[in-house]
Each structure stands twice: as C-alpha cells, then as structure tokens.
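Next comes entry.txt, a file with compact mmCIF, C-alpha atoms and all ligand atoms.
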# COMPACT_ATOMS: atom_id res chain seq x y z
CA MET A 1 -280.40 102.54 374.81
CA ALA A 2 -280.49 98.77 375.35
CA THR A 3 -277.83 97.17 377.54
CA CYS A 4 -275.43 94.59 376.04
CA TYR A 5 -275.10 91.11 377.56
CA THR A 6 -273.18 87.89 376.99
CA LEU A 7 -275.70 85.04 376.86
CA ILE A 8 -274.39 81.76 378.33
CA THR A 9 -276.60 78.68 378.11
CA GLY A 10 -275.77 75.73 380.36
CA ALA A 11 -274.53 78.31 382.85
CA SER A 12 -275.72 76.32 385.85
CA SER A 13 -273.06 73.61 385.72
CA GLY A 14 -269.64 72.48 384.55
CA ILE A 15 -268.19 74.32 381.56
CA GLY A 16 -271.01 76.89 381.39
CA ALA A 17 -270.61 77.76 385.07
CA ALA A 18 -266.85 78.17 384.59
CA CYS A 19 -267.48 80.46 381.59
CA ALA A 20 -269.92 82.50 383.69
CA LYS A 21 -267.47 82.89 386.56
CA LEU A 22 -264.63 83.94 384.25
CA LEU A 23 -266.62 86.26 381.96
CA SER A 24 -268.50 87.89 384.86
CA THR A 25 -265.43 89.97 385.69
CA GLN A 26 -265.64 91.75 382.33
CA SER A 27 -269.24 91.53 381.02
CA ARG A 28 -272.89 91.63 381.97
CA LEU A 29 -274.26 88.11 381.61
CA ILE A 30 -277.53 86.38 380.93
CA LEU A 31 -277.19 83.00 382.62
CA CYS A 32 -279.47 80.35 381.18
CA GLY A 33 -280.38 76.89 382.47
CA SER A 34 -283.46 74.78 383.05
CA ASN A 35 -283.29 75.02 386.84
CA ARG A 36 -283.44 78.35 388.73
CA GLU A 37 -281.88 77.04 391.93
CA ARG A 38 -278.78 75.72 390.14
CA LEU A 39 -278.54 78.98 388.16
CA GLU A 40 -278.62 80.97 391.40
CA GLN A 41 -275.79 78.82 392.78
CA SER A 42 -273.78 79.60 389.67
CA LEU A 43 -274.58 83.31 389.93
CA ALA A 44 -273.26 83.25 393.51
CA GLN A 45 -269.81 82.31 392.08
CA CYS A 46 -269.81 85.30 389.69
CA ALA A 47 -268.30 88.75 390.08
CA GLN A 48 -270.61 91.82 389.86
CA GLN A 49 -273.65 89.67 390.68
CA GLU A 50 -276.12 92.55 390.56
CA LYS A 51 -275.34 93.14 386.86
CA HIS A 52 -276.41 89.72 385.59
CA LEU A 53 -279.78 88.28 384.57
CA LEU A 54 -281.19 84.76 384.80
CA TRP A 55 -283.23 83.23 381.98
CA VAL A 56 -284.81 79.93 383.01
CA CYS A 57 -285.76 77.76 380.05
CA ASP A 58 -285.84 74.00 379.50
CA PHE A 59 -284.72 73.50 375.89
CA ASP A 60 -286.40 70.10 375.79
CA ALA A 61 -289.71 70.44 377.66
CA GLN A 62 -290.18 74.08 376.59
CA PHE A 63 -288.58 73.83 373.15
CA ASP A 64 -291.55 75.43 371.39
CA GLU A 65 -291.24 78.47 373.66
CA VAL A 66 -287.51 79.17 373.16
CA PHE A 67 -287.98 81.70 370.34
CA ASP A 68 -290.86 83.67 371.87
CA GLY A 69 -289.52 83.26 375.42
CA LEU A 70 -286.09 84.71 374.61
CA SER A 71 -287.57 87.47 372.45
CA ALA A 72 -289.83 88.54 375.33
CA PHE A 73 -287.04 88.21 377.92
CA LEU A 74 -284.75 90.54 375.94
CA LYS A 75 -287.56 93.02 375.34
CA ASP A 76 -288.69 93.05 378.99
CA ASN A 77 -285.11 93.65 380.18
CA ASP A 78 -284.25 96.15 377.42
CA ALA A 79 -281.30 93.87 376.64
CA VAL A 80 -279.34 92.94 373.53
CA VAL A 81 -276.82 90.11 373.20
CA ASP A 82 -273.36 90.80 371.76
CA ASN A 83 -271.75 87.48 372.68
CA TYR A 84 -273.51 84.09 372.73
CA VAL A 85 -271.91 81.01 374.27
CA HIS A 86 -273.88 77.76 374.00
CA CYS A 87 -272.77 75.31 376.68
CA ALA A 88 -276.11 73.59 377.28
CA GLY A 89 -275.81 69.96 376.35
CA LEU A 90 -276.70 66.48 377.33
CA THR A 91 -275.77 62.99 376.37
CA ARG A 92 -277.43 59.62 376.74
CA ILE A 93 -274.78 56.92 376.35
CA LEU A 94 -276.67 54.00 374.84
CA PRO A 95 -276.26 51.60 371.92
CA LEU A 96 -278.23 52.93 368.95
CA LYS A 97 -280.65 49.98 369.09
CA ASP A 98 -281.83 51.19 372.52
CA PHE A 99 -282.50 54.77 371.42
CA THR A 100 -286.12 55.82 371.23
CA PRO A 101 -287.32 58.67 368.98
CA THR A 102 -287.98 60.65 372.18
CA TYR A 103 -284.36 60.30 373.39
CA THR A 104 -283.05 61.30 369.98
CA LYS A 105 -285.33 64.35 369.90
CA THR A 106 -284.28 65.41 373.41
CA VAL A 107 -280.56 65.23 372.60
CA PHE A 108 -281.02 67.19 369.38
CA GLN A 109 -283.31 69.80 370.96
CA VAL A 110 -280.84 70.64 373.70
CA ASN A 111 -277.60 70.25 371.72
CA PHE A 112 -278.58 71.66 368.34
CA PHE A 113 -282.14 72.84 367.64
CA SER A 114 -282.09 75.26 370.59
CA ILE A 115 -279.03 76.95 369.03
CA VAL A 116 -280.98 77.52 365.83
CA GLU A 117 -283.90 79.03 367.75
CA ILE A 118 -281.63 81.28 369.84
CA LEU A 119 -279.72 82.46 366.77
CA ARG A 120 -283.01 83.24 365.03
CA VAL A 121 -283.80 85.59 367.92
CA LEU A 122 -280.33 87.13 368.02
CA LEU A 123 -280.43 87.80 364.28
CA LYS A 124 -283.71 89.69 364.46
CA ARG A 125 -283.39 93.36 363.55
CA MET A 126 -283.48 94.53 367.17
CA ASN A 127 -280.38 92.45 368.07
CA GLN A 128 -278.46 91.80 364.86
CA LYS A 129 -276.38 95.00 364.98
CA ALA A 130 -275.23 94.17 368.51
CA LEU A 131 -274.19 90.55 367.87
CA ARG A 132 -270.41 90.10 367.50
CA ASN A 133 -269.50 86.59 368.58
CA VAL A 134 -270.95 83.10 368.81
CA VAL A 135 -269.09 80.23 370.52
CA LEU A 136 -270.73 76.81 370.50
CA ILE A 137 -269.49 73.98 372.69
CA SER A 138 -269.31 70.91 370.48
CA ALA A 139 -267.34 67.77 371.45
CA LEU A 140 -264.31 65.77 370.40
CA VAL A 141 -266.62 62.81 369.84
CA SER A 142 -268.17 64.66 366.87
CA GLN A 143 -264.98 63.74 364.98
CA ARG A 144 -263.84 60.55 366.73
CA GLY A 145 -265.82 57.34 367.21
CA ASP A 146 -267.09 56.30 370.63
CA ARG A 147 -269.44 53.38 371.33
CA GLY A 148 -272.83 54.43 372.67
CA ASN A 149 -272.41 58.04 371.64
CA ALA A 150 -273.73 57.95 368.07
CA ILE A 151 -276.69 60.29 368.60
CA TYR A 152 -274.76 62.72 370.82
CA ALA A 153 -271.88 62.75 368.31
CA ALA A 154 -274.33 63.38 365.46
CA SER A 155 -275.88 66.33 367.32
CA LYS A 156 -272.43 67.85 367.82
CA GLY A 157 -271.55 67.11 364.19
CA ALA A 158 -274.59 69.19 363.26
CA VAL A 159 -273.16 72.04 365.35
CA ASN A 160 -269.83 71.83 363.52
CA GLY A 161 -271.47 71.77 360.10
CA MET A 162 -273.52 74.83 360.93
CA VAL A 163 -270.43 76.77 362.01
CA TYR A 164 -268.71 76.46 358.61
CA SER A 165 -271.70 77.83 356.71
CA LEU A 166 -272.66 80.53 359.20
CA ALA A 167 -269.10 81.90 359.25
CA GLN A 168 -269.74 82.94 355.66
CA GLU A 169 -273.37 83.91 356.09
CA LEU A 170 -272.97 85.99 359.26
CA ALA A 171 -269.59 87.75 358.84
CA PRO A 172 -268.42 90.07 360.37
CA ILE A 173 -270.13 88.25 363.26
CA ARG A 174 -267.62 85.54 364.26
CA ILE A 175 -268.78 81.99 364.96
CA ASN A 176 -266.60 79.14 366.24
CA ALA A 177 -267.07 75.79 367.93
CA VAL A 178 -264.89 74.35 370.68
CA MET A 179 -264.56 70.57 370.86
CA PRO A 180 -263.55 69.56 374.38
CA GLY A 181 -262.11 66.19 375.26
CA LEU A 182 -263.21 64.57 378.51
CA VAL A 183 -263.53 67.39 381.06
CA ASN A 184 -264.08 66.99 384.78
CA THR A 185 -267.71 68.18 385.08
CA PRO A 186 -270.97 66.66 386.38
CA MET A 187 -271.51 65.28 382.84
CA ALA A 188 -268.24 63.35 383.00
CA GLN A 189 -268.93 62.36 386.60
CA ARG A 190 -272.07 60.58 385.43
CA THR A 191 -269.88 58.06 383.52
CA PRO A 192 -268.41 55.07 385.42
CA GLU A 193 -265.36 56.14 387.45
CA GLU A 194 -263.14 53.43 385.98
CA PHE A 195 -264.01 54.55 382.42
CA ARG A 196 -263.21 58.22 382.94
CA GLU A 197 -260.05 57.64 385.00
CA LYS A 198 -258.75 55.33 382.26
CA ILE A 199 -259.23 58.04 379.63
CA TRP A 200 -257.66 60.78 381.76
CA ALA A 201 -254.65 58.54 382.41
CA LYS A 202 -254.09 58.26 378.64
CA ILE A 203 -254.53 61.95 377.71
CA PRO A 204 -251.08 63.51 377.10
CA LEU A 205 -251.86 66.53 379.32
CA GLY A 206 -254.05 64.59 381.77
CA LYS A 207 -257.45 65.55 383.17
CA GLY A 208 -259.20 68.63 381.76
CA GLU A 209 -261.00 71.06 384.05
CA PRO A 210 -263.96 73.33 383.09
CA GLU A 211 -261.66 76.36 383.39
CA ASP A 212 -259.47 74.98 380.56
CA ILE A 213 -262.45 75.35 378.22
CA ALA A 214 -263.63 78.65 379.71
CA ASN A 215 -260.19 80.22 379.13
CA TYR A 216 -260.38 79.31 375.45
CA VAL A 217 -263.94 80.62 375.16
CA ALA A 218 -262.78 83.93 376.67
CA PHE A 219 -259.99 84.07 374.08
CA LEU A 220 -262.42 83.45 371.20
CA LEU A 221 -264.69 86.23 372.46
CA SER A 222 -261.79 88.67 372.73
CA ASP A 223 -260.34 90.92 370.04
CA LYS A 224 -257.21 88.74 370.13
CA ALA A 225 -259.28 86.27 368.08
CA ARG A 226 -260.57 88.94 365.69
CA TRP A 227 -259.39 86.99 362.58
CA ILE A 228 -260.74 83.62 363.71
CA THR A 229 -264.13 82.44 362.45
CA GLY A 230 -265.67 79.25 361.11
CA GLN A 231 -263.35 77.02 363.14
CA THR A 232 -264.04 73.84 365.09
CA ILE A 233 -261.19 73.58 367.54
CA PHE A 234 -260.09 70.71 369.81
CA VAL A 235 -259.34 71.80 373.37
CA ASP A 236 -258.56 68.39 374.77
CA GLY A 237 -255.10 68.06 376.30
CA GLY A 238 -254.10 66.06 373.22
CA GLN A 239 -256.91 63.46 373.51
CA SER A 240 -257.62 63.79 369.78
CA THR A 241 -254.12 62.48 369.00
CA LEU A 242 -254.75 59.11 370.69
N1 LIG B 1 -267.68 67.30 380.18
C1 LIG B 1 -267.18 66.79 379.08
O1 LIG B 1 -266.33 65.87 379.13
C2 LIG B 1 -267.57 67.32 377.73
C3 LIG B 1 -266.84 66.87 376.62
C4 LIG B 1 -267.19 67.37 375.37
C5 LIG B 1 -268.22 68.26 375.23
N2 LIG B 1 -268.92 68.67 376.33
C6 LIG B 1 -270.00 69.62 376.12
O2 LIG B 1 -269.80 70.73 376.95
C7 LIG B 1 -271.05 71.33 377.27
C8 LIG B 1 -271.15 71.51 378.78
O3 LIG B 1 -271.12 70.21 379.38
P1 LIG B 1 -270.74 69.97 380.90
O4 LIG B 1 -269.73 68.89 380.90
O5 LIG B 1 -270.44 71.25 381.56
O6 LIG B 1 -272.10 69.31 381.40
P2 LIG B 1 -273.01 69.55 382.68
O7 LIG B 1 -272.17 69.88 383.85
O8 LIG B 1 -273.90 68.37 382.72
O9 LIG B 1 -273.85 70.85 382.29
C9 LIG B 1 -274.80 70.79 381.27
C10 LIG B 1 -275.56 72.10 381.22
O10 LIG B 1 -276.55 71.96 380.19
C11 LIG B 1 -277.78 72.42 380.69
N3 LIG B 1 -278.89 71.67 380.16
C12 LIG B 1 -279.04 70.33 380.11
N4 LIG B 1 -280.26 70.01 379.68
C13 LIG B 1 -280.90 71.19 379.45
C14 LIG B 1 -282.21 71.51 379.01
N5 LIG B 1 -283.12 70.56 378.75
N6 LIG B 1 -282.53 72.81 378.88
C15 LIG B 1 -281.64 73.80 379.17
N7 LIG B 1 -280.39 73.55 379.61
C16 LIG B 1 -280.04 72.26 379.76
C17 LIG B 1 -277.72 72.17 382.20
O11 LIG B 1 -278.62 73.09 382.83
P3 LIG B 1 -279.66 72.58 383.97
O12 LIG B 1 -278.83 71.82 384.95
O13 LIG B 1 -280.24 73.84 384.50
O14 LIG B 1 -280.64 71.74 383.23
C18 LIG B 1 -276.27 72.44 382.52
O15 LIG B 1 -276.07 73.78 382.84
C19 LIG B 1 -272.13 70.39 376.71
O16 LIG B 1 -272.58 70.89 375.48
C20 LIG B 1 -271.38 69.10 376.50
O17 LIG B 1 -271.96 68.33 375.47
C21 LIG B 1 -268.62 68.22 377.59
Could you rewrite the structure in this file as structure tokens?
Amino acid sequence: MATCYTLITGASSGIGAACAKLLSTQSRLILCGSNRERLEQSLAQCAQQEKHLLWVCDFDAQFDEVFDGLSAFLKDNDAVVDNYVHCAGLTRILPLKDFTPTYTKTVFQVNFFSIVEILRVLLKRMNQKALRNVVLISALVSQRGDRGNAIYAASKGAVNGMVYSLAQELAPIRINAVMPGLVNTPMAQRTPEEFREKIWAKIPLGKGEPEDIANYVAFLLSDKARWITGQTIFVDGGQSTL
C-alpha cells in the first residue's frame, strides 16, 4: 500500500520551512523547492528526518514538467499526498509600467499556475481518495492595495478565487487559503529595512514570525478544522484593520 505524505512547496525557506519543521513531528513530508541545498538545510531542522522526501522542482524554469515530474515522483516513491500546503511564492515589487510579460508569467507560474498543475496530479485517480486537505498561502495584499504589488496581488487574488469554487467542487476535501500580513522571512527581508520596520511598528500585534502562520496551517490541517472549507483567512496580527 502507498505511503501518505504532506506535500509542502516552498519548504526551503520562511513560512514553508516553518510549516515543515512543525508538521514533521506528526507527518511524513515531501519538501519541495527549486534548490536542493536549501531544501536539505530545511530538512535538517525537521523531526524524523529519515521519513521525509525531497522533490526539487523550479515552478518557473521547469513549469512544463510540474505535472509529469510530480506524477513520476509519487509513482517512483509509492507515495500519495493527503495534505497539500502551497507556500512557494515570489514577488517582484515594481510599478506596473515596468513589468515585462516574462516577469508577469514568472509570478503567476510560481504563485498560481503551479497550484493548478499540482492539484491536477493530486486529483488523479491514484491520489484522489487519499487527498483530504489543501492549504494555499495567499497574501493580505490580495485584498488590500499596495503600490508596486499589482501583479503579485493579482496572482494571490487568483488563489483566493479558486478556493471558493474548489470548496464546492472538491468536498469533502477541504481547501482554504491563509492571507498573511508582513511576516519576518527572507521575502520580507528583501524589502528596504525602513519600509518593513515602519509596517511592523503599526501592526496592532507587531511583527509576525513564520511560526505564526505555520501554527494556523497546522490547525487547518487538523480535525479541529473539520467544518472549515472555502475560506480565505487573514493571519496578520491585525494588519488588515489598518
Ligand atoms: N513574508 C511575507 O511577509 C508574506 C506575506 C504574505 C504572503 N506571503 C506568502 O507566503 C509564502 C511564503 O513566503 P516566504 O515569506 O516564506 O518567502 P521566502 O522565504 O522567500 O520563501 C519562498 C519559497 O518559495 C519557493 N520558490 C520561489 N520561487 C520558486 C520557484 N521558481 N520554484 C519553486 N519554488 C519556488 C522558494 O524555494 P527556493 O528557495 O528553493 O526557490 C522558497 O522556499 C509565499 O507564497 C508568499 O507570497 C509572504
């Protein structure tokens, strides 16, 4: 019989790495990222390291291989996925006039189209019976304006829109999106220090850490959330109230 895994994309950094560390105490994981070395560093922080698998895939450069690559990976490892957490994401903060079609495509491939391809694999006959939960990391900016973030926000808005429809289409599989505010990860650290410190100073509950998001993801995957589906939920220390 195939072995069940929780698939975490973006597991090599920030929120995904925090999810991996937390969930590794209770589940077998497939850690996914574009860079094997960073994934191995993340695996080193996990419990029960020998139980987990690494799937290296670049959702931009190798986008056309996501479907076949994941299908083959699951088959080769006699694995099925019961929980899927999509943390992979990237942003390019630029005024819209400076966006090229290539930038737009890259943001959408990593933040949205890869989810569609992965779900198409997980809904194939060999996996569909095993799949129970999908948690997609969206972003607060999908529902609040932010200069320079139009394309990123649109890609996360696409994630939210998909969640509402798939909650109906996929039930009893549960699907939810988490919309973090500004969280202290390498992604946030790539913004100017003054900018991020100013935001954290204004947030009612202050600076968010990757673990604050991972704790909520773990809740959504648990049976305690068994009546929650089709939701897009702010986890933001109150940033959305500003
Ligand atoms: N930090 C925040 O303030 C914040 C706020 C709202 C939403 N979010 C969302 O939260 C999620 C996690 O972000 P984070 O802050 O933890 O960012 P991060 O530290 O930069 O991590 C991003 C992750 O995405 C993966 N990734 C990026 N490009 C990829 C590609 N081409 N193919 C495959 N994987 C790729 C990276 O893997 P590799 O390094 O291996 O490429 C990395 O593991 C993202 O979806 C982000 O949009 C973050």
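Residue nearest Asp60 in chain A, chosen from A:Leu136, A:Val141, A:Ile228, A:Val110 and counting all atoms listed in the file: A:Val110.
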Within 6 Å of ligand LIG 1 (chain B) (all atoms listed in the file), residues as a PyMOL selection string: chain A and resi 10-16+33-35+57-60+87-90+110+137-140+180-188
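The closest residue to Ile213 in chain A, picked from A:Glu37, A:Asp64, A:Asp236, A:Asp146 and counting all atoms listed in the file, is A:Asp236.
Remark: for Val134 in chain A, the closest of the candidate residues A:Thr9, A:Thr241, A:Ser24, A:Ser155 is A:Thr9 (distances computed over only C-alpha atoms).
For the pair CA of Asp98 in chain A and CA of Asn149 in chain A, the separation is 11.7 Å.
For the pair CA of Val163 in chain A and CA of Arg28 in chain A, the separation is 25.0 Å.
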Close residues, Ala153 in chain A itself excluded, 12 Å, all atoms listed in the file, min 6 positions apart in chain, as a list of chain:residue names: A:Gly89, A:Leu90, A:Thr91, A:Arg92, A:Ile93, A:Leu94, A:Leu96, A:Thr104, A:Val107, A:Phe108, A:Asn111, A:Phe112, A:Ser138, A:Ala139, A:Leu140, A:Val141, A:Ser142, A:Gln143, A:Arg144, A:Gly145, A:Asp146, A:Arg147, A:Val159, A:Asn160, A:Met179
A:Tyr84, A:Lys129, A:Ser240, A:Leu123 ranked by distance to Pro204 in chain A, top pick (using only C-alpha atoms): A:Ser240
Excluding Trp227 in chain A and any residue of its chain fewer than 5 positions from it, enumerate the residues within 10 Å of it, using only C-alpha atoms, and give them as a PDB file with C-alpha atoms, in the frame of the given file.
ATOM      1  CA  PRO A 172    -268.420  90.070 360.370  1.00  0.00           C
ATOM      2  CA  ARG A 174    -267.620  85.540 364.260  1.00  0.00           C
ATOM      3  CA  LEU A 220    -262.420  83.450 371.200  1.00  0.00           C
TER       4      LEU A 220
END
Which residue of A:Leu70, A:Glu209, A:Ile30, A:Ile199 approaches His52 in chain A most closely, using all atoms listed in the file: A:Ile30
Atom pair CA of Cys19 in chain A / CA of Ala47 in chain A: separation (Å): 11.9 Å
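Comparing A:Thr229, A:Gln109, A:Gln48, A:Thr3 by their smallest distance to Ala167 in chain A, the closest is A:Thr229 (using only C-alpha atoms).
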Would you compute the box with edges along x, y and z of the file around range 30-40 of chain A, including every atom the file lists for it and 5 Å extra on each side, and give its centre and edge lengths in Å to one decimal, as JSON?
{"center_x": -280.3, "center_y": 80.6, "center_z": 386.4, "size_x": 16.3, "size_y": 21.6, "size_z": 21.0}
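Residues in contact with Asn127 in chain A at 8 Å, where all atoms listed in the file are counted and same-chain residues fewer than 5 positions away are skipped, are listed as Val80, Val81, Val121 and Leu122 of chain A.
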Reconstruct range 19-40 of chain A at the level of N, CA and C atoms, and format the result as a PDB file, in the coordinates of the input.
ATOM      1  N   CYS A  19    -267.453  79.304 382.517  1.00  0.00           N
ATOM      2  CA  CYS A  19    -267.480  80.460 381.590  1.00  0.00           C
ATOM      3  C   CYS A  19    -268.114  81.655 382.293  1.00  0.00           C
ATOM      4  N   ALA A  20    -269.219  81.407 382.999  1.00  0.00           N
ATOM      5  CA  ALA A  20    -269.920  82.500 383.690  1.00  0.00           C
ATOM      6  C   ALA A  20    -269.004  83.157 384.716  1.00  0.00           C
ATOM      7  N   LYS A  21    -268.345  82.343 385.507  1.00  0.00           N
ATOM      8  CA  LYS A  21    -267.470  82.890 386.560  1.00  0.00           C
ATOM      9  C   LYS A  21    -266.362  83.740 385.931  1.00  0.00           C
ATOM     10  N   LEU A  22    -265.746  83.225 384.879  1.00  0.00           N
ATOM     11  CA  LEU A  22    -264.630  83.940 384.250  1.00  0.00           C
ATOM     12  C   LEU A  22    -265.109  85.221 383.547  1.00  0.00           C
ATOM     13  N   LEU A  23    -266.177  85.113 382.764  1.00  0.00           N
ATOM     14  CA  LEU A  23    -266.620  86.260 381.960  1.00  0.00           C
ATOM     15  C   LEU A  23    -267.323  87.314 382.806  1.00  0.00           C
ATOM     16  N   SER A  24    -267.761  86.936 384.015  1.00  0.00           N
ATOM     17  CA  SER A  24    -268.500  87.890 384.860  1.00  0.00           C
ATOM     18  C   SER A  24    -267.630  89.047 385.330  1.00  0.00           C
ATOM     19  N   THR A  25    -266.314  88.873 385.248  1.00  0.00           N
ATOM     20  CA  THR A  25    -265.430  89.970 385.690  1.00  0.00           C
ATOM     21  C   THR A  25    -265.422  91.090 384.646  1.00  0.00           C
ATOM     22  N   GLN A  26    -265.779  90.761 383.405  1.00  0.00           N
ATOM     23  CA  GLN A  26    -265.640  91.750 382.330  1.00  0.00           C
ATOM     24  C   GLN A  26    -266.939  92.096 381.605  1.00  0.00           C
ATOM     25  N   SER A  27    -268.009  91.302 381.796  1.00  0.00           N
ATOM     26  CA  SER A  27    -269.240  91.530 381.020  1.00  0.00           C
ATOM     27  C   SER A  27    -270.475  91.344 381.882  1.00  0.00           C
ATOM     28  N   ARG A  28    -271.569  91.942 381.409  1.00  0.00           N
ATOM     29  CA  ARG A  28    -272.890  91.630 381.970  1.00  0.00           C
ATOM     30  C   ARG A  28    -273.338  90.332 381.320  1.00  0.00           C
ATOM     31  N   LEU A  29    -273.921  89.444 382.120  1.00  0.00           N
ATOM     32  CA  LEU A  29    -274.260  88.110 381.610  1.00  0.00           C
ATOM     33  C   LEU A  29    -275.752  87.828 381.715  1.00  0.00           C
ATOM     34  N   ILE A  30    -276.244  87.048 380.760  1.00  0.00           N
ATOM     35  CA  ILE A  30    -277.530  86.380 380.930  1.00  0.00           C
ATOM     36  C   ILE A  30    -277.197  84.904 381.118  1.00  0.00           C
ATOM     37  N   LEU A  31    -277.478  84.398 382.317  1.00  0.00           N
ATOM     38  CA  LEU A  31    -277.190  83.000 382.620  1.00  0.00           C
ATOM     39  C   LEU A  31    -278.447  82.186 382.353  1.00  0.00           C
ATOM     40  N   CYS A  32    -278.307  81.151 381.537  1.00  0.00           N
ATOM     41  CA  CYS A  32    -279.470  80.350 381.180  1.00  0.00           C
ATOM     42  C   CYS A  32    -279.291  78.892 381.603  1.00  0.00           C
ATOM     43  N   GLY A  33    -280.360  78.318 382.131  1.00  0.00           N
ATOM     44  CA  GLY A  33    -280.380  76.890 382.470  1.00  0.00           C
ATOM     45  C   GLY A  33    -281.840  76.497 382.664  1.00  0.00           C
ATOM     46  N   SER A  34    -282.066  75.206 382.906  1.00  0.00           N
ATOM     47  CA  SER A  34    -283.460  74.780 383.050  1.00  0.00           C
ATOM     48  C   SER A  34    -283.918  74.864 384.505  1.00  0.00           C
ATOM     49  N   ASN A  35    -282.963  75.108 385.419  1.00  0.00           N
ATOM     50  CA  ASN A  35    -283.290  75.020 386.840  1.00  0.00           C
ATOM     51  C   ASN A  35    -282.818  76.288 387.564  1.00  0.00           C
ATOM     52  N   ARG A  36    -283.782  77.050 388.123  1.00  0.00           N
ATOM     53  CA  ARG A  36    -283.440  78.350 388.730  1.00  0.00           C
ATOM     54  C   ARG A  36    -282.486  78.206 389.914  1.00  0.00           C
ATOM     55  N   GLU A  37    -282.711  77.194 390.729  1.00  0.00           N
ATOM     56  CA  GLU A  37    -281.880  77.040 391.930  1.00  0.00           C
ATOM     57  C   GLU A  37    -280.415  76.834 391.553  1.00  0.00           C
ATOM     58  N   ARG A  38    -280.172  75.969 390.568  1.00  0.00           N
ATOM     59  CA  ARG A  38    -278.780  75.720 390.140  1.00  0.00           C
ATOM     60  C   ARG A  38    -278.190  76.986 389.498  1.00  0.00           C
ATOM     61  N   LEU A  39    -279.034  77.730 388.768  1.00  0.00           N
ATOM     62  CA  LEU A  39    -278.540  78.980 388.160  1.00  0.00           C
ATOM     63  C   LEU A  39    -278.143  79.982 389.237  1.00  0.00           C
ATOM     64  N   GLU A  40    -278.933  80.037 390.313  1.00  0.00           N
ATOM     65  CA  GLU A  40    -278.620  80.970 391.400  1.00  0.00           C
ATOM     66  C   GLU A  40    -277.312  80.582 392.095  1.00  0.00           C
TER      67      GLU A  40
END
